[in-house]
2 protein chains.
Amino acid sequence: MTDLEIARSVPHKHIFEIAQSLGIHSDDLIPFGRYKAKIGPTLGERIQNRPLGRYILVTAINPTPLGEGKTTTSIGLSMGLCRLGHRAAVTLRQPSLGPVFGIKGGGTGGGRAQVHPMEDINLHFTGDAHAVSASHNLLSAFVENHLFHGNTLKVDPKGIRWPRTLGVSDRALRDILLGEETGRRPGKFVITEASEVMAVLALATDHADLRQRLGRILVGLTEGGQMVRAEEFSCAGSMAVLLKDALLPNLVQTLEGTPAFVHAGPFGNIAHGNCSIVSDRLALRCADYVVTEAGFGSDLGAEKFFNIKCRTSGLRPDAGVVVATLRALKLHGGGGIVKSGAPLPPGVTGPNPAALARGFANLEQHIANVRAHGVPVVVAVNAFKDDSAEELNWVCERALAAGASAAAVSTHWSDGGRGAEELARAVVKVAAQGTQFNHLYEVTSPIKKKIETIATTIYGAAGVSFSPQAERDVELATRLGFDRLPICMAKTPLSLSHDPTVKGRPSGFTVPIQELRILAGAGFLTAVCSGIQLMPGLPKKPAGERIDVDPQSGQIVGLQ
Amino acid sequence: MTDLEIARSVPHKHIFEIAQSLGIHSDDLIPFGRYKAKIGPTLGERIQNRPLGRYILVTAINPTPLGEGKTTTSIGLSMGLCRLGHRAAVTLRQPSLGPVFGIKGGGTGGGRAQVHPMEDINLHFTGDAHAVSASHNLLSAFVENHLFHGNTLKVDPKGIRWPRTLGVSDRALRDILLGEETGRRPGKFVITEASEVMAVLALATDHADLRQRLGRILVGLTEGGQMVRAEEFSCAGSMAVLLKDALLPNLVQTLEGTPAFVHAGPFGNIAHGNCSIVSDRLALRCADYVVTEAGFGSDLGAEKFFNIKCRTSGLRPDAGVVVATLRALKLHGGGGIVKSGAPLPPGVTGPNPAALARGFANLEQHIANVRAHGVPVVVAVNAFKDDSAEELNWVCERALAAGASAAAVSTHWSDGGRGAEELARAVVKVAAQGTQFNHLYEVTSPIKKKIETIATTIYGAAGVSFSPQAERDVELATRLGFDRLPICMAKTPLSLSHDPTVKGRPSGFTVPIQELRILAGAGFLTAVCSGIQLMPGLPKKPAGERIDVDPQSGQIVGLQ
């Protein structure tokens, strides 16, 4: 059965009933049909005195291009916690349209560990990503219009750093030349999930904060080198209006009726990779356990969760779950090469204790990365049908030796919440121990120092190099007073290093920084490693070629 | 009171109650909060044997840049019909984000004649326009990706005619140069409301028809001069999936609780200017009177209503309402120059019988234009507070002499449905007379002949000239077999001619056609007059500068 068929075979509850299970009344909901709702602005105040639940971060080792089931583990864990009698919820990012029609497919889990309704969530959902694009591009249009109508702010057209954005993966828009009416000059589109406005949506703590962040966005420089912000183009108010509903968290459900908040979608590699603060806050006031997923491995989403998201929200995680699979560990141990589209090599799918033992080093680093923030680790080994029990147990045992507080095999993909009960029990136990949560670096450190700390501690690098452009960017950010912002690394997810072909736990490498983007509204600096694209391309056979509407049933087919 | 304040001062019914008044059960609705819903695919079949209501088209004379209240008249008339005890509904286009933040403001009526909730309808509404943009741009990305991965279809990159689209008015995207990865070459963005996909959405009769139309879209030519369509890029299925929900009609209400269908938004000047066929069809099975608005004057939206929309739907209008105002007639009679942003000149706002008498000729042409399609005319004089009763009566009397079957003064803006009762009575009477509806031209006529028929009969032109580009386009369309499609003219709305500064009822002019676009999926050819932009720009002081979220109340301010 395909994921879509499994999802359609299961009965679903009305969203009012899901909300009720969290103590949220239907009056607080803005329903979008029967199975989706936004949570209205009225709820927050009413529940502000409820105690906070336990906050569980789910991260992973460096994945194969197929992904290692971090989303399914997050969903499965939340269902497992419910089966143990806890009031649990899961908070996820909204999938991006680009990958849905490109390589990766959707982002709503799979097998028995999905959020519903997957067709909606993977496509337009409640329109938040579209609102982000519109808000972002309105600023572009206002800036261009300002140039056209006399440029009273004396903006240097060449100093405009604000890109355009699109929710579709169109590589021909990576580097364009803009029209002649406002002066032919280079422009670029980034994918919506890399837009600063998406980051603002995910990090804003309320509507007032959203409005202020939008106003603070750095658009560019004047001819005299002074910065100009969105507020000076009188555009931030309209941008906020376009995001007014988008800031309201979205509520859906897992296939077992567990409440799921799916809200905001910054990518884990080229953006900060975490769902919204407003949804986590709300969920933590409504549930005893909130399982939240950060994008890709602990080198990306989790590091940014600890040092950007938690710094902004003030929330403290109680435990970190590191997801690993035998196949990915074997890949890291040299068991074969995994290419999307091609079948997995037997050295990765079959028993291969030698590769597993070598590749385990990758998991070690990720355990260390979470612990470096004072957060205890539970390793979740996401088991596939043909995985050997011996190898699964070996990983669990070694994980404990490597510093994990607990480890469990999980079969949520095939078994749903039942398959994640052992993992859930481990998480409950570890999360009760109390953490000494700390950030990895102080924001007051110099920019280069912060980047070096991340690269050496989290990636295992020997150091960092800066391109001439990156050097200029660092100087500019420092001159403009943005040197006290946290860092958002843009790096490949496929390796601990900046090189996607380097597996395992590399050392001695130097991370090359190509560019530093100042996201003054989001409140961080994005350090872009060489070779990273902020607008993805489509593969030779994009997933969208197989997606269609079935003429008989009228149902969607081919969506994964 | 502002429109927003008036709208907020009125109680609104739950959308289930609105649907109930049309005999639509709540099970057929997909609610978007309390006041908006999409109508699910289940309804159509159930009501297919209900009789069709009367179909009333609302059009207008050539407006001032401020608009002459065609939307308010449509809304007011539907409310007036309800006050007379009829079951009425209004069908409108969805406003475009571009003008909301640009010159024009929103498109949800004004005063006591509005549709609710105006903030939502004017912004993202139920996401349909965003879905159109995503669907459109996915095809662009697939085409580009095809070039990048070997171009097995042997598409001539220079022969690609498919633009990109954006919902924001960004003049810097009118003529860009695309990125180097797929070959630096010219590209362009058109506004979403000029996208062929928007036209497809508006003209599709059901999901199967939508899917086929998308597949038929002409992307460009091969090196050998053969056409390549969206279907050949394996993209049409995904495009249809992205539009699956967008094709479902949206239901809202007027300030007096009259059902209002607001669905699809092609512009009246640069696109075919009419709301969706699916919403009109549904409304006609549910209401005894359906008032539908076509964009701008009878030279634009109405002509396309008769010759594109009705030809596709097979529906026949029972009456045409031509909206006029004293101020616009005086403008056409030389009473002064109207510039947006500047106060109206006294020769236009105050009594000016001489200018009124001269300007009446414009209304005469519009009455004739509707009658040329065999449809009887009711002239609606949309009255402003200080209009003289004498002048209003004079227009009504002259309208009858000029061929209108009835004429009435309407004060719906200040009085709501009560102010449109006389108009409603006139419409009921005229619509009962029976029509001899006919199209203006046969689709089998040659392309140039069809354009000339429109220009001479509807605009009063002496003839049409074709640029060398237009000549080549006509030849190509004929060679490819698209010469039997109807014509969609892209022309200024401010004059019967192609020149916005020419008022009244001009004659002897030649309409210059710059370009002919082949919209094979929509099923028409767009003849673009010289000087017409398919991507608007923003004005010097865009409306968006005043739009914001009020920090105290959290409500939107400045939206008009």
# chains A, B, ... in the order shown; residues from 1 in each chain; ligands from 1
>>> residues_around(residues="A:Val190", least_positions_apart="6", cutoff="12 Å", atoms="only C-alpha atoms", output="number ranges by chain")
A: 98, 133, 136-137, 162-176, 196-198, 266-267, 270-271, 532-537
>>> residues_around(residues="B:Val90", least_positions_apart="5", cutoff="6 Å", atoms="only C-alpha atoms", output="JSON, numbers by chain")
{"B": [78, 260, 290, 291, 292]}
>>> residues_around(residues="B:Thr453", least_positions_apart="3", cutoff="12 Å", atoms="only C-alpha atoms", output="PyMOL selection string")
chain B and resi 303+307+369+372+439-443+445-450+456-464+486-487+489+511
>>> interface_residues(of="chain B", to="chain A", cutoff="7 Å", atoms="only C-alpha atoms", output="ChimeraX atom specification")
/B:30-33,123,127,130,134,137-138,141,144-145,149,168-170,172-179,181-182,208,234-235,237-238,240-242,538,540,544-545,547-549,551,556
>>> residues_around(residues="stretch 405-420 of chain A", least_positions_apart="4", cutoff="8 Å", atoms="only C-alpha atoms", output="VMD selection string")
chain A and resid 72 to 73 76 to 83 110 to 113 256 376 to 384 392 to 393 396 to 397 399 to 400 424 426 to 427 430
>>> select_by_dssp(residues="stretch 409-450 of chain B", states="alpha helix (DSSP H)", output="list in words")
His412, Trp413, Ser414, Asp415, Glu421, Glu422, Leu423, Ala424, Arg425, Ala426, Val427, Val428, Lys429, Val430, Ala431, Ile447, Lys448, Lys449 and Lys450 of chain B
>>> residues_around(residues="A:Gly273", least_positions_apart="3", cutoff="9 Å", atoms="only C-alpha atoms", output="tab-separated table (two decimals) with N, CA, C and O atoms, in the first residue's frame")
chain	number	residue	atom	x	y	z
A	93	ARG	N	7.42	21.00	10.69
A	93	ARG	CA	7.40	22.03	9.65
A	93	ARG	C	6.42	21.64	8.55
A	93	ARG	O	6.16	20.45	8.35
A	193	GLU	N	11.15	28.60	1.21
A	193	GLU	CA	11.58	28.06	2.50
A	193	GLU	C	12.96	28.57	2.90
A	193	GLU	O	13.44	28.28	4.00
A	199	ALA	N	11.57	32.66	7.82
A	199	ALA	CA	12.27	32.59	9.10
A	199	ALA	C	11.61	33.49	10.13
A	199	ALA	O	11.45	33.13	11.30
A	265	GLY	N	7.93	26.56	7.48
A	265	GLY	CA	8.71	25.53	6.81
A	265	GLY	C	10.11	25.88	6.40
A	265	GLY	O	10.52	25.49	5.30
A	266	PRO	N	10.90	26.56	7.22
A	266	PRO	CA	12.27	26.85	6.77
A	266	PRO	C	13.07	25.56	6.57
A	266	PRO	O	13.02	24.67	7.42
A	267	PHE	N	13.77	25.48	5.46
A	267	PHE	CA	14.57	24.29	5.17
A	267	PHE	C	15.66	24.10	6.23
A	267	PHE	O	16.14	25.07	6.82
A	268	GLY	N	16.05	22.85	6.41
A	268	GLY	CA	17.08	22.55	7.40
A	268	GLY	C	18.49	22.81	6.93
A	268	GLY	O	19.38	23.06	7.72
A	269	ASN	N	18.71	22.76	5.62
A	269	ASN	CA	20.08	22.99	5.14
A	269	ASN	C	20.35	24.46	4.85
A	269	ASN	O	21.33	25.03	5.32
A	270	ILE	N	19.46	25.13	4.13
A	270	ILE	CA	19.74	26.51	3.72
A	270	ILE	C	18.95	27.52	4.55
A	270	ILE	O	18.99	28.71	4.27
A	293	GLU	N	10.38	18.31	15.60
A	293	GLU	CA	11.40	17.85	14.69
A	293	GLU	C	12.22	19.03	14.16
A	293	GLU	O	11.66	20.06	13.80
A	294	ALA	N	13.51	18.85	14.11
A	294	ALA	CA	14.38	19.84	13.46
A	294	ALA	C	14.96	19.21	12.19
A	294	ALA	O	15.18	18.00	12.14
A	295	GLY	N	15.22	20.01	11.19
A	295	GLY	CA	15.58	19.48	9.87
A	295	GLY	C	16.94	18.81	9.83
A	295	GLY	O	17.90	19.26	10.45
A	296	PHE	N	17.04	17.71	9.10
A	296	PHE	CA	18.29	16.98	8.85
A	296	PHE	C	18.98	16.57	10.16
A	296	PHE	O	18.32	16.33	11.15
A	300	LEU	N	22.73	20.40	11.59
A	300	LEU	CA	21.94	21.46	10.95
A	300	LEU	C	20.76	21.87	11.84
A	300	LEU	O	20.90	22.74	12.68
A	301	GLY	N	19.61	21.21	11.66
A	301	GLY	CA	18.41	21.68	12.36
A	301	GLY	C	18.54	21.74	13.87
A	301	GLY	O	18.07	22.70	14.50
A	302	ALA	N	19.17	20.72	14.47
A	302	ALA	CA	19.24	20.70	15.93
A	302	ALA	C	20.13	21.81	16.45
A	302	ALA	O	19.78	22.51	17.41
A	304	LYS	N	20.67	24.63	15.13
A	304	LYS	CA	19.93	25.88	14.98
A	304	LYS	C	18.74	25.92	15.95
A	304	LYS	O	18.35	26.99	16.41
A	305	PHE	N	18.19	24.76	16.27
A	305	PHE	CA	17.13	24.70	17.28
A	305	PHE	C	17.68	25.21	18.61
A	305	PHE	O	17.08	26.07	19.26
>>> closest_residue(among="B:Pro95, B:Gly23, B:Pro500, B:Gly320", to="B:Val375", atoms="only C-alpha atoms")
B:Gly320
>>> residues_around(residues="A:Gly347", least_positions_apart="5", cutoff="10 Å", atoms="only C-alpha atoms", output="MDAnalysis selection string")
chainID A and resid 327 330:331 333:337 352:356
>>> write_last_selection(atoms="N, CA, C and O atoms", output="PDB file, in the first residue's frame")
ATOM      1  N   ARG A 327      20.992   1.332   7.626  1.00  0.00           N
ATOM      2  CA  ARG A 327      21.473   1.575   6.267  1.00  0.00           C
ATOM      3  C   ARG A 327      22.322   2.849   6.186  1.00  0.00           C
ATOM      4  O   ARG A 327      23.322   2.893   5.494  1.00  0.00           O
ATOM      5  N   LYS A 330      25.692   2.217   7.778  1.00  0.00           N
ATOM      6  CA  LYS A 330      26.543   1.428   6.870  1.00  0.00           C
ATOM      7  C   LYS A 330      27.054   2.289   5.715  1.00  0.00           C
ATOM      8  O   LYS A 330      28.193   2.124   5.265  1.00  0.00           O
ATOM      9  N   LEU A 331      26.214   3.180   5.263  1.00  0.00           N
ATOM     10  CA  LEU A 331      26.678   4.117   4.232  1.00  0.00           C
ATOM     11  C   LEU A 331      27.867   4.912   4.759  1.00  0.00           C
ATOM     12  O   LEU A 331      28.877   5.088   4.075  1.00  0.00           O
ATOM     13  N   GLY A 333      29.866   3.992   6.921  1.00  0.00           N
ATOM     14  CA  GLY A 333      30.996   3.089   7.120  1.00  0.00           C
ATOM     15  C   GLY A 333      31.549   2.521   5.827  1.00  0.00           C
ATOM     16  O   GLY A 333      32.323   1.563   5.847  1.00  0.00           O
ATOM     17  N   GLY A 334      31.134   3.070   4.700  1.00  0.00           N
ATOM     18  CA  GLY A 334      31.699   2.638   3.419  1.00  0.00           C
ATOM     19  C   GLY A 334      31.003   1.433   2.815  1.00  0.00           C
ATOM     20  O   GLY A 334      31.555   0.763   1.943  1.00  0.00           O
ATOM     21  N   GLY A 335      29.785   1.158   3.224  1.00  0.00           N
ATOM     22  CA  GLY A 335      29.065  -0.013   2.716  1.00  0.00           C
ATOM     23  C   GLY A 335      28.575   0.115   1.290  1.00  0.00           C
ATOM     24  O   GLY A 335      28.070  -0.841   0.713  1.00  0.00           O
ATOM     25  N   GLY A 336      28.695   1.273   0.712  1.00  0.00           N
ATOM     26  CA  GLY A 336      28.227   1.466  -0.670  1.00  0.00           C
ATOM     27  C   GLY A 336      27.849   2.920  -0.891  1.00  0.00           C
ATOM     28  O   GLY A 336      27.906   3.734   0.032  1.00  0.00           O
ATOM     29  N   ILE A 337      27.496   3.192  -2.134  1.00  0.00           N
ATOM     30  CA  ILE A 337      27.109   4.548  -2.503  1.00  0.00           C
ATOM     31  C   ILE A 337      25.594   4.573  -2.703  1.00  0.00           C
ATOM     32  O   ILE A 337      25.052   3.727  -3.417  1.00  0.00           O
ATOM     33  N   ASN A 352      26.068  -6.142   7.454  1.00  0.00           N
ATOM     34  CA  ASN A 352      27.411  -5.644   7.152  1.00  0.00           C
ATOM     35  C   ASN A 352      28.008  -5.066   8.428  1.00  0.00           C
ATOM     36  O   ASN A 352      28.142  -3.852   8.581  1.00  0.00           O
ATOM     37  N   PRO A 353      28.349  -5.941   9.362  1.00  0.00           N
ATOM     38  CA  PRO A 353      28.798  -5.475  10.688  1.00  0.00           C
ATOM     39  C   PRO A 353      30.023  -4.570  10.611  1.00  0.00           C
ATOM     40  O   PRO A 353      30.154  -3.635  11.398  1.00  0.00           O
ATOM     41  N   ALA A 354      30.897  -4.840   9.646  1.00  0.00           N
ATOM     42  CA  ALA A 354      32.126  -4.033   9.556  1.00  0.00           C
ATOM     43  C   ALA A 354      31.796  -2.597   9.186  1.00  0.00           C
ATOM     44  O   ALA A 354      32.271  -1.641   9.820  1.00  0.00           O
ATOM     45  N   ALA A 355      30.946  -2.433   8.153  1.00  0.00           N
ATOM     46  CA  ALA A 355      30.567  -1.082   7.750  1.00  0.00           C
ATOM     47  C   ALA A 355      29.793  -0.396   8.870  1.00  0.00           C
ATOM     48  O   ALA A 355      29.970   0.794   9.141  1.00  0.00           O
ATOM     49  N   LEU A 356      28.948  -1.178   9.535  1.00  0.00           N
ATOM     50  CA  LEU A 356      28.155  -0.609  10.631  1.00  0.00           C
ATOM     51  C   LEU A 356      29.066  -0.086  11.733  1.00  0.00           C
ATOM     52  O   LEU A 356      28.872   1.018  12.252  1.00  0.00           O
TER      53      LEU A 356
END
>>> closest_residue(among="A:Ile6, A:Leu282, A:Leu525, A:Ala431", to="A:Met118", atoms="only C-alpha atoms")
A:Ile6
>>> closest_residue(among="B:Leu43, B:Ile454, B:Val502, B:Val155", to="B:Ile24", atoms="only C-alpha atoms")
B:Leu43
>>> atom_distance(atom1="atom CA of A:Leu496", atom2="atom CA of A:Asn122")
28.3 Å
>>> residues_around(residues="B:Leu66", least_positions_apart="6", cutoff="9 Å", atoms="only C-alpha atoms", output="number ranges by chain")
B: 104, 338-340
>>> write_last_selection(atoms="all heavy atoms", output="short mmCIF file (atom, residue, chain, number, x, y, z; two decimals), in the first residue's frame")
data_model
loop_
_atom_site.label_atom_id
_atom_site.label_comp_id
_atom_site.auth_asym_id
_atom_site.auth_seq_id
_atom_site.Cartn_x
_atom_site.Cartn_y
_atom_site.Cartn_z
N LYS B 104 -5.66 50.71 -7.07
CA LYS B 104 -7.10 50.58 -7.08
C LYS B 104 -7.69 50.25 -5.73
O LYS B 104 -8.83 50.59 -5.42
CB LYS B 104 -7.47 49.49 -8.10
CG LYS B 104 -8.94 49.37 -8.41
CD LYS B 104 -9.14 48.43 -9.58
CE LYS B 104 -10.55 47.85 -9.60
NZ LYS B 104 -10.75 46.79 -8.60
N VAL B 338 -9.81 63.65 -15.04
CA VAL B 338 -9.79 62.94 -13.76
C VAL B 338 -8.46 62.22 -13.63
O VAL B 338 -8.09 61.43 -14.50
CB VAL B 338 -10.96 61.94 -13.69
CG1 VAL B 338 -10.85 61.10 -12.42
CG2 VAL B 338 -12.29 62.66 -13.73
N LYS B 339 -7.74 62.57 -12.55
CA LYS B 339 -6.47 61.87 -12.29
C LYS B 339 -6.54 61.21 -10.93
O LYS B 339 -7.02 61.83 -9.96
CB LYS B 339 -5.31 62.86 -12.31
CG LYS B 339 -4.98 63.34 -13.72
CD LYS B 339 -3.92 64.41 -13.72
CE LYS B 339 -2.54 63.88 -13.40
NZ LYS B 339 -1.50 64.94 -13.63
N SER B 340 -6.10 59.98 -10.85
CA SER B 340 -6.17 59.31 -9.55
C SER B 340 -5.23 60.03 -8.59
O SER B 340 -4.15 60.45 -8.95
CB SER B 340 -5.81 57.83 -9.67
OG SER B 340 -4.58 57.67 -10.30
#
>>> atom_distance(atom1="atom CA of B:Gln253", atom2="atom CA of B:Ala324")
24.9 Å
>>> closest_residue(among="B:Leu363, B:Val228, B:Ala455, B:Leu52", to="B:Gly403", atoms="only C-alpha atoms")
B:Leu363
>>> atom_distance(atom1="atom CA of A:Leu519", atom2="atom CA of A:Asp483")
11.5 Å
